[in-house]
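Peer 1: First the structure, which I've put down as structure tokens, then a few questions once you've had a look.
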Amino acid sequence: MRPFGYLAPADPAAAIAAVTGRPGAAFLAGGTNLVDLMKLGVAAPGLLVDVTGLLPVLIEPAAAGGLRIGAGVRNSDLAADPRVRAGFPVLAQAVLAGASGQLRNMATVGGNLLQRTRCLYFQDVTKPCNKRVPGSGCPARAGDHRNLAILGGSPHCVATHPSDMAVALAALDAVVHVEGPAGPRALPVTGPPGGLYRLPGDEPDRETTLERGDLITAVEIPPLAYAGNSAYRKVRDRTSYAFAVMSVAAALDVAGGVVRDVRLAIGAVAPVPWRARAAERVLTGRPATAEWFGRAADAELAAATPLPDNAFKVTLARNVIVRMLCELAGPGPEGSAS
Ligand SMILES: Cc1cc2nc3c(=O)[nH]c(=O)nc-3n(C[C@H](O)[C@H](O)[C@H](O)COP(=O)(O)OP(=O)(O)OC[C@H]3O[C@@H](n4cnc5c(N)ncnc54)[C@H](O)[C@@H]3O)c2cc1C
Ligand code: SF4
């Protein structure tokens, strides 16, 4: 690991100024991703600006039943919060599906959203990688891409976003609050376009719309009357301590056997948490049946461009979406969820 400086600023403004004014500086939160990448030589910040004591650590009620979550809230505390568990189970389940208990005790909400991809080539400094070294190439397309993107990738990068939490937040239309050199602003997790995350295009090294010195201070979840009927399902190669092969976050509102509203996001299939808007459009106002859940999944996955070794994700995603929506629909009227 290269030598680096450490700074514990007095307040967020000083932290923002320290990172803005020094190109090699980075915010340090729980450190569970950044420090790993430093050990691997993938990241080499000259200065770590510790924000753990500066960020809000409260989960507070927001307007009309929403929640405002401080960016410094630890993943364990978020998953254990009774308001999150009862009101937004999809979020609690997503957080609990990630990493391990020890890691969740350290990991923060802000750091979780900005963790880097687990693409093998990105983490191996002996290999080329457009995301790590722009213009060096993408060996994943012809190499190991089983876990990589089927949606939203580009010829330059097909990495997937690794966060479970971000998939749930995308389904919930959460908004990220940022303070930075240009002042405060709010960015939807959902997108692109216009959200926190960027698709790789020909600049895979730029993963977000954040600028140097931008500090995530909070995440706000707007009210959603039926968010109590939501869930997160993660498929992985082993049952714990593994990143998703594919995941689904969903919330469903059914009345009289008809879908009144639905929120659907898919994880580990794209460089960003993937909001399944095409599927949502197909389903709204339609019967809450396995047949229509399948049609909705097909509409979303029609845009998939899998590589030879990850084509299985298309079928997997369809099956998990249908199964999960059937579960959320419940037994319902005759014929539904069958
Ligand atoms: C073995 C292992 C297994 C894991 N499994 C999973 C999993 O299954 N699912 C999952 O979702 N995650 C998983 N993780 C990842 C883990 O969730 C992340 O490492 C963690 O959430 C990052 O949070 P942190 O606070 O430690 O961030 P840090 O490592 O401190 O920071 C991460 C990045 O965010 C930046 N940053 C941090 N806070 C802010 C802020 N407030 N504003 C702006 N920039 C900021 C940092 O500069 C850095 O670039 C795993 C990690 C490990 C090591
Ligand atoms: S998929 Fe992206 S992260 Fe992986 S090797 Fe290619 S450019 Fe690098």
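In the structure tokens, chains take letters A, B, ... by order of appearance, with residues numbered from 1 within each chain and ligands from 1 in the order shown.
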Near segment 89-104 of chain A, counting only C-alpha atoms, which residues have an atom at most 6 Å away, once you skip same-chain residues fewer than 6 positions from it, shown as a short mmCIF file (atom, residue, chain, number, x, y, z; two decimals) with all heavy atoms, in the first residue's frame?

Peer 2:
data_model
loop_
_atom_site.label_atom_id
_atom_site.label_comp_id
_atom_site.auth_asym_id
_atom_site.auth_seq_id
_atom_site.Cartn_x
_atom_site.Cartn_y
_atom_site.Cartn_z
N ASN A 75 -24.87 0.16 8.21
CA ASN A 75 -25.80 -0.76 7.55
C ASN A 75 -26.58 -1.59 8.56
O ASN A 75 -27.77 -1.85 8.38
CB ASN A 75 -25.04 -1.68 6.58
CG ASN A 75 -24.57 -0.95 5.32
OD1 ASN A 75 -24.11 -1.57 4.37
ND2 ASN A 75 -24.67 0.37 5.28
N SER A 76 -25.92 -2.03 9.64
CA SER A 76 -26.60 -2.84 10.66
C SER A 76 -27.74 -2.06 11.30
O SER A 76 -28.83 -2.61 11.53
CB SER A 76 -25.63 -3.26 11.76
OG SER A 76 -24.59 -3.99 11.23
N ALA A 79 -30.74 -1.72 8.91
CA ALA A 79 -31.53 -2.95 8.76
C ALA A 79 -32.33 -3.28 10.02
O ALA A 79 -33.36 -3.94 9.95
CB ALA A 79 -30.61 -4.11 8.41
N ASP A 164 -26.49 -4.09 -2.83
CA ASP A 164 -27.86 -4.56 -2.64
C ASP A 164 -28.77 -3.41 -2.22
O ASP A 164 -29.90 -3.26 -2.69
CB ASP A 164 -27.90 -5.67 -1.58
CG ASP A 164 -27.23 -6.95 -2.05
OD1 ASP A 164 -27.73 -7.55 -3.01
OD2 ASP A 164 -26.20 -7.33 -1.47
N MET A 165 -28.26 -2.62 -1.28
CA MET A 165 -29.07 -1.50 -0.76
C MET A 165 -29.54 -0.58 -1.88
O MET A 165 -30.70 -0.12 -1.89
CB MET A 165 -28.21 -0.69 0.22
CG MET A 165 -28.86 0.56 0.75
SD MET A 165 -27.68 1.66 1.54
CE MET A 165 -27.19 0.68 2.93
N ALA A 168 -32.75 -1.66 -3.68
CA ALA A 168 -33.97 -1.36 -2.93
C ALA A 168 -34.28 0.13 -2.98
O ALA A 168 -35.44 0.54 -3.16
CB ALA A 168 -33.82 -1.83 -1.48
N SER A 230 -43.51 -5.18 0.32
CA SER A 230 -42.34 -5.15 -0.55
C SER A 230 -41.34 -6.20 -0.07
O SER A 230 -41.41 -6.66 1.07
CB SER A 230 -41.69 -3.76 -0.52
OG SER A 230 -41.14 -3.49 0.76
N ALA A 231 -40.42 -6.56 -0.95
CA ALA A 231 -39.43 -7.59 -0.57
C ALA A 231 -38.22 -7.52 -1.49
O ALA A 231 -38.28 -6.93 -2.58
CB ALA A 231 -40.06 -8.98 -0.65
N TYR A 232 -37.14 -8.12 -1.02
CA TYR A 232 -35.89 -8.21 -1.79
C TYR A 232 -35.49 -9.66 -1.89
O TYR A 232 -35.50 -10.39 -0.89
CB TYR A 232 -34.78 -7.42 -1.07
CG TYR A 232 -33.50 -7.31 -1.86
CD1 TYR A 232 -33.40 -6.45 -2.95
CD2 TYR A 232 -32.38 -8.05 -1.51
CE1 TYR A 232 -32.22 -6.33 -3.66
CE2 TYR A 232 -31.19 -7.94 -2.22
CZ TYR A 232 -31.11 -7.07 -3.30
OH TYR A 232 -29.94 -6.94 -4.01
N TYR A 241 -22.56 -14.01 2.56
CA TYR A 241 -21.23 -13.47 2.33
C TYR A 241 -20.84 -13.57 0.86
O TYR A 241 -19.72 -13.95 0.52
CB TYR A 241 -20.24 -14.27 3.21
CG TYR A 241 -18.99 -13.52 3.60
CD1 TYR A 241 -19.04 -12.20 3.99
CD2 TYR A 241 -17.75 -14.15 3.58
CE1 TYR A 241 -17.90 -11.52 4.35
CE2 TYR A 241 -16.61 -13.49 3.94
CZ TYR A 241 -16.69 -12.17 4.32
OH TYR A 241 -15.54 -11.51 4.67
#

Peer 1: Show me, as a Markdown table, the residues of chain A having an atom within 6 Å of ligand 2, each with the closest atom pair and its distance in Å, using only C-alpha atoms and all ligand atoms.

Peer 2:
| residue | atom | partner | partner_atom_place_in_ligand_line | distance |
| --- | --- | --- | --- | --- |
| A:Cys119 | CA | ligand 2 | 4 (Fe) | 4.7 |
| A:Tyr121 | CA | ligand 2 | 5 (S) | 4.6 |
| A:Phe122 | CA | ligand 2 | 3 (S) | 4.6 |
| A:Cys129 | CA | ligand 2 | 8 (Fe) | 3.7 |
| A:Asn130 | CA | ligand 2 | 7 (S) | 4.1 |
| A:Lys131 | CA | ligand 2 | 7 (S) | 4.7 |
| A:Cys138 | CA | ligand 2 | 6 (Fe) | 3.7 |
| A:Pro139 | CA | ligand 2 | 5 (S) | 5.2 |
| A:Ala140 | CA | ligand 2 | 5 (S) | 4.8 |
| A:His156 | CA | ligand 2 | 7 (S) | 5.7 |
| A:Cys157 | CA | ligand 2 | 2 (Fe) | 3.7 |
| A:Val158 | CA | ligand 2 | 1 (S) | 4.0 |
| A:Ala159 | CA | ligand 2 | 1 (S) | 4.0 |

Peer 1: Based on the selection just made, write C-alpha atoms of those residues as a PDB file, in the first residue's frame.

Peer 2:
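Below you can see result.pdb, which holds the result:
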ATOM      1  CA  CYS A 119     -15.380  -7.190 -11.745  1.00  0.00           C
ATOM      2  CA  TYR A 121     -10.254  -7.378 -13.877  1.00  0.00           C
ATOM      3  CA  PHE A 122     -11.025  -4.101 -12.132  1.00  0.00           C
ATOM      4  CA  CYS A 129      -9.463  -2.398 -17.433  1.00  0.00           C
ATOM      5  CA  ASN A 130     -11.102   0.689 -18.948  1.00  0.00           C
ATOM      6  CA  LYS A 131     -12.708   1.566 -15.638  1.00  0.00           C
ATOM      7  CA  CYS A 138     -11.984  -4.498 -21.379  1.00  0.00           C
ATOM      8  CA  PRO A 139     -10.822  -8.096 -21.075  1.00  0.00           C
ATOM      9  CA  ALA A 140     -14.113  -9.129 -19.466  1.00  0.00           C
ATOM     10  CA  HIS A 156     -16.101  -0.278 -23.105  1.00  0.00           C
ATOM     11  CA  CYS A 157     -17.449  -1.830 -19.889  1.00  0.00           C
ATOM     12  CA  VAL A 158     -19.986  -4.426 -18.762  1.00  0.00           C
ATOM     13  CA  ALA A 159     -19.356  -4.253 -15.024  1.00  0.00           C
TER      14      ALA A 159
END

Peer 1: Residues within 8 Å of ligand 1 (only C-alpha atoms and all ligand atoms), as a ChimeraX atom specification?

Peer 2: /A:26-36,51,55,71-72,74-75,94-95,97-100,103-104,106-116,162-166,178,213-218,240-244

Peer 1: Okay, now the selection with C-alpha atoms, as a short mmCIF file (atom, residue, chain, number, x, y, z; two decimals), in the first residue's frame?

Peer 2:
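Dumped everything to part.cif:
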data_model
loop_
_atom_site.label_atom_id
_atom_site.label_comp_id
_atom_site.auth_asym_id
_atom_site.auth_seq_id
_atom_site.Cartn_x
_atom_site.Cartn_y
_atom_site.Cartn_z
CA ALA A 26 -10.83 10.71 -0.83
CA PHE A 27 -13.54 10.58 1.82
CA LEU A 28 -13.18 7.68 4.23
CA ALA A 29 -16.35 6.28 5.80
CA GLY A 30 -16.41 2.68 7.10
CA GLY A 31 -13.44 1.91 4.87
CA THR A 32 -14.69 -1.59 4.06
CA ASN A 33 -14.38 -1.01 0.31
CA LEU A 34 -11.91 1.84 -0.01
CA VAL A 35 -9.25 0.30 2.24
CA ASP A 36 -9.56 -3.06 0.44
CA VAL A 51 -16.11 11.66 7.59
CA LEU A 55 -22.14 12.57 8.88
CA ALA A 71 -25.31 9.00 5.30
CA GLY A 72 -23.31 7.92 8.35
CA ARG A 74 -24.27 1.97 9.68
CA ASN A 75 -25.80 -0.76 7.55
CA ALA A 94 -31.58 -5.86 0.93
CA VAL A 95 -29.17 -4.55 3.54
CA ALA A 97 -28.54 -9.73 2.27
CA GLY A 98 -25.23 -7.90 1.89
CA ALA A 99 -21.77 -8.72 3.23
CA SER A 100 -21.49 -10.05 6.80
CA LEU A 103 -18.94 -5.59 7.68
CA ARG A 104 -22.45 -4.21 8.10
CA MET A 106 -18.76 -0.77 9.81
CA ALA A 107 -20.30 0.02 6.43
CA THR A 108 -22.21 3.28 6.06
CA VAL A 109 -25.13 4.23 3.83
CA GLY A 110 -23.04 6.74 1.84
CA GLY A 111 -20.14 4.33 1.36
CA ASN A 112 -22.45 1.48 0.35
CA LEU A 113 -23.90 3.55 -2.50
CA LEU A 114 -20.43 4.43 -3.79
CA GLN A 115 -18.73 1.03 -3.47
CA ARG A 116 -16.93 -0.05 -6.64
CA PRO A 162 -22.52 -4.48 -6.48
CA SER A 163 -24.75 -2.77 -3.90
CA ASP A 164 -27.86 -4.56 -2.64
CA MET A 165 -29.07 -1.50 -0.76
CA ALA A 166 -29.00 0.64 -3.90
CA VAL A 178 -25.31 15.92 -1.48
CA GLY A 213 -15.63 17.09 -3.14
CA ASP A 214 -19.31 16.12 -3.26
CA LEU A 215 -20.27 14.56 0.07
CA ILE A 216 -23.40 12.43 0.44
CA THR A 217 -25.09 13.58 3.63
CA ALA A 218 -28.42 11.73 3.63
CA SER A 240 -24.20 -15.74 2.73
CA TYR A 241 -21.23 -13.47 2.33
CA ALA A 242 -21.51 -13.33 -1.44
CA PHE A 243 -22.41 -10.66 -3.95
CA ALA A 244 -25.56 -11.08 -6.03
#

Peer 1: At what distance in Å, to one decimal, does atom CA of Val235 of chain A lie from atom CA of Val167 of chain A?

Peer 2: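 It comes out at 13.4 Å.
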
Peer 1: Have a look at atom CA of Ala268 of chain A and atom CA of Arg323 of chain A and let me know their distance in Å, one decimal.

Peer 2: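 Going from atom CA of Ala268 of chain A over to atom CA of Arg323 of chain A covers 17.8 Å.
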
Peer 1: Using the chain letters and numbers from this document, which residues of segment 11-45 of chain A does DSSP assign to strand (DSSP E), as a PyMOL selection string?

Peer 2: chain A and resi 25-28

Peer 1: Which neighbours of Leu151 of chain A fall inside 8 Å, counting only C-alpha atoms, when residues of the same chain fewer than 5 positions from it are skipped, and could you give them as a ChimeraX atom specification?

Peer 2: /A:269-271,303-306
